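Down below is the structure, laid out as structure tokens.
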Amino acid sequence: MKKTRILTALIASALVVLTVLSGCDMLQEETMTPGERMKEFVSDANAGNWGSLKEHTHPDADDYDTANASFWESEFDPYGTLGNPSTIGTTSTVVATGATFVFTLEEDGKNFYKIRRIVRNGSTRFE
């Protein structure tokens with residue numbers, strides 16, 4: 001009986017230590033740079049994951065609630081494959097056939113950037 005209690009206490013202690021050690025990453029804030037965000041956005045757009053693109057946008061953007069999968073498809077699909085983003089600071093440029101897109105990103109939490117504005121060929125498409 002005493003051995004069972006000691007064994008149970010040792011196992012419980014080991015589980016606590018493992019939980020703390022493996023959970024260290026969970027205690028850190030999630031971050032995403034503008035460049036990382038844009039790579040993910042372009043990857044989703046090129047894969048035709050139109051329903052996933054909203055998650056890359058800033059919730060304070062005026063068009064946030066209306067930008068559904070149909071919106072994204074109509075904005076990007078006609079231009080084919082998007083090129084690799086060129087990101088400097090919080091501005092990213094993406095070139096596709098017949099279009100140049102300029103994205104402006106803004107923090108949505110510390111060091112966690114999302115797309116706030118998209119301009120295509122000089123015309124604002126999302127803001």
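Chain labels follow the order of the structure tokens: the first chain is A, the next B, and so on; residue numbering restarts at 1 in every chain, and ligands are counted from 1 in their shown order.
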
Q: Might you pull out every residue within 9 Å of range 122-124 of chain A, with only C-alpha atoms counted and same-chain residues fewer than 6 positions away left off, and present them as a ChimeraX atom specification?
A: /A:100-102

(Q) Give me the residues near range 34-46 of chain A as a PyMOL selection string, where near means some atom within 10 Å (using only C-alpha atoms) and where sequence neighbours in that chain fewer than 3 positions away do not count. (A) chain A and resi 31+49-57+72-73+76-77+80-94+103-107+111-115

Save out the residues we just selected, C-alpha atoms, as a compact mmCIF listing (two decimals), in the first residue's frame.
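File again_24.txt, as written:
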```txt
# COMPACT_ATOMS: atom_id res chain seq x y z
CA THR A 31 3.98 35.80 -33.45
CA ASN A 49 -8.21 27.87 -50.36
CA TRP A 50 -10.53 30.88 -50.70
CA GLY A 51 -12.30 30.18 -47.41
CA SER A 52 -8.97 30.35 -45.54
CA LEU A 53 -7.93 33.81 -46.73
CA LYS A 54 -10.09 35.71 -44.26
CA GLU A 55 -7.99 34.41 -41.36
CA HIS A 56 -5.05 36.35 -42.78
CA THR A 57 -6.91 39.67 -42.63
CA TRP A 72 -11.45 36.22 -52.48
CA GLU A 73 -11.96 33.98 -55.49
CA PHE A 76 -7.48 36.62 -57.15
CA ASP A 77 -8.52 33.68 -59.33
CA GLY A 80 -3.72 32.92 -61.95
CA THR A 81 -0.77 32.07 -59.76
CA LEU A 82 0.45 34.79 -57.44
CA GLY A 83 4.20 35.37 -57.39
CA ASN A 84 6.38 35.31 -54.29
CA PRO A 85 5.70 38.28 -52.02
CA SER A 86 8.33 40.98 -51.69
CA THR A 87 7.91 42.36 -48.19
CA ILE A 88 9.61 45.43 -46.76
CA GLY A 89 8.46 46.49 -43.33
CA THR A 90 4.67 46.26 -43.29
CA THR A 91 4.19 46.56 -47.06
CA SER A 92 4.24 43.59 -49.40
CA THR A 93 4.03 43.49 -53.20
CA VAL A 94 2.80 40.46 -55.12
CA PHE A 103 -0.68 44.67 -49.24
CA THR A 104 -0.43 46.74 -46.07
CA LEU A 105 -0.18 44.80 -42.84
CA GLU A 106 -0.90 45.90 -39.29
CA GLU A 107 -0.41 44.32 -35.91
CA ASN A 111 4.26 40.99 -33.30
CA PHE A 112 1.27 39.27 -34.92
CA TYR A 113 0.57 40.88 -38.29
CA LYS A 114 -2.52 40.62 -40.47
CA ILE A 115 -3.49 42.19 -43.79
```

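CA of Thr33 in chain A sits 13.5 Å away from CA of His58 in chain A.
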
Q: Would you please give, as a ChimeraX atom specification, all residues of range 63-97 of chain A that DSSP assigns to strand (DSSP E) based on the backbone?
A: /A:86-88,91-96

Q.
Please identify the alpha helix (DSSP H) residues within range 28-69 of chain A (assignment by DSSP from backbone atoms) and present them as a PyMOL selection string.
A. chain A and resi 34-46+69

Based on the selection just made, write N, CA and C atoms of those residues as a PDB file, in the first residue's frame.
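Result written to again.pdb:
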```pdb
ATOM      1  N   PRO A  34       5.173  40.204 -40.945  1.00  0.00           N
ATOM      2  CA  PRO A  34       4.483  40.496 -42.204  1.00  0.00           C
ATOM      3  C   PRO A  34       4.898  39.540 -43.330  1.00  0.00           C
ATOM      4  N   GLY A  35       6.181  39.230 -43.413  1.00  0.00           N
ATOM      5  CA  GLY A  35       6.655  38.310 -44.451  1.00  0.00           C
ATOM      6  C   GLY A  35       6.079  36.911 -44.307  1.00  0.00           C
ATOM      7  N   GLU A  36       6.025  36.405 -43.084  1.00  0.00           N
ATOM      8  CA  GLU A  36       5.439  35.085 -42.841  1.00  0.00           C
ATOM      9  C   GLU A  36       3.958  35.074 -43.199  1.00  0.00           C
ATOM     10  N   ARG A  37       3.254  36.128 -42.796  1.00  0.00           N
ATOM     11  CA  ARG A  37       1.817  36.218 -43.101  1.00  0.00           C
ATOM     12  C   ARG A  37       1.581  36.185 -44.605  1.00  0.00           C
ATOM     13  N   MET A  38       2.383  36.961 -45.337  1.00  0.00           N
ATOM     14  CA  MET A  38       2.191  37.036 -46.778  1.00  0.00           C
ATOM     15  C   MET A  38       2.511  35.716 -47.472  1.00  0.00           C
ATOM     16  N   LYS A  39       3.524  35.014 -47.013  1.00  0.00           N
ATOM     17  CA  LYS A  39       3.839  33.702 -47.590  1.00  0.00           C
ATOM     18  C   LYS A  39       2.666  32.751 -47.397  1.00  0.00           C
ATOM     19  N   GLU A  40       2.052  32.778 -46.230  1.00  0.00           N
ATOM     20  CA  GLU A  40       0.903  31.913 -45.969  1.00  0.00           C
ATOM     21  C   GLU A  40      -0.307  32.325 -46.801  1.00  0.00           C
ATOM     22  N   PHE A  41      -0.542  33.635 -46.920  1.00  0.00           N
ATOM     23  CA  PHE A  41      -1.663  34.132 -47.720  1.00  0.00           C
ATOM     24  C   PHE A  41      -1.510  33.696 -49.173  1.00  0.00           C
ATOM     25  N   VAL A  42      -0.337  33.925 -49.753  1.00  0.00           N
ATOM     26  CA  VAL A  42      -0.089  33.569 -51.152  1.00  0.00           C
ATOM     27  C   VAL A  42      -0.209  32.059 -51.342  1.00  0.00           C
ATOM     28  N   SER A  43       0.301  31.286 -50.419  1.00  0.00           N
ATOM     29  CA  SER A  43       0.189  29.824 -50.500  1.00  0.00           C
ATOM     30  C   SER A  43      -1.275  29.390 -50.516  1.00  0.00           C
ATOM     31  N   ASP A  44      -2.084  29.957 -49.621  1.00  0.00           N
ATOM     32  CA  ASP A  44      -3.514  29.622 -49.580  1.00  0.00           C
ATOM     33  C   ASP A  44      -4.226  30.066 -50.863  1.00  0.00           C
ATOM     34  N   ALA A  45      -3.908  31.263 -51.346  1.00  0.00           N
ATOM     35  CA  ALA A  45      -4.542  31.766 -52.570  1.00  0.00           C
ATOM     36  C   ALA A  45      -4.173  30.889 -53.766  1.00  0.00           C
ATOM     37  N   ASN A  46      -2.921  30.543 -53.889  1.00  0.00           N
ATOM     38  CA  ASN A  46      -2.483  29.713 -55.015  1.00  0.00           C
ATOM     39  C   ASN A  46      -3.060  28.304 -54.958  1.00  0.00           C
ATOM     40  N   ALA A  69     -15.452  33.618 -49.093  1.00  0.00           N
ATOM     41  CA  ALA A  69     -14.709  32.841 -50.085  1.00  0.00           C
ATOM     42  C   ALA A  69     -14.968  33.338 -51.503  1.00  0.00           C
TER      43      ALA A  69
END
```

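Note that the spacing between CA of Glu75 in chain A and CA of Ala96 in chain A amounts to 11.8 Å.
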
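Among the candidates A:Arg116, A:Asn121, A:Ser74, A:Met32, the one nearest to Asp60 in chain A when counting only C-alpha atoms is A:Arg116.
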
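Every protein or nucleic acid residue with an atom no more than 6 Å from Glu127 in chain A, counting only C-alpha atoms and leaving out same-chain residues fewer than 5 positions away, appears here: Ala61, Asp62, Asp63, Arg116 and Arg117 of chain A.
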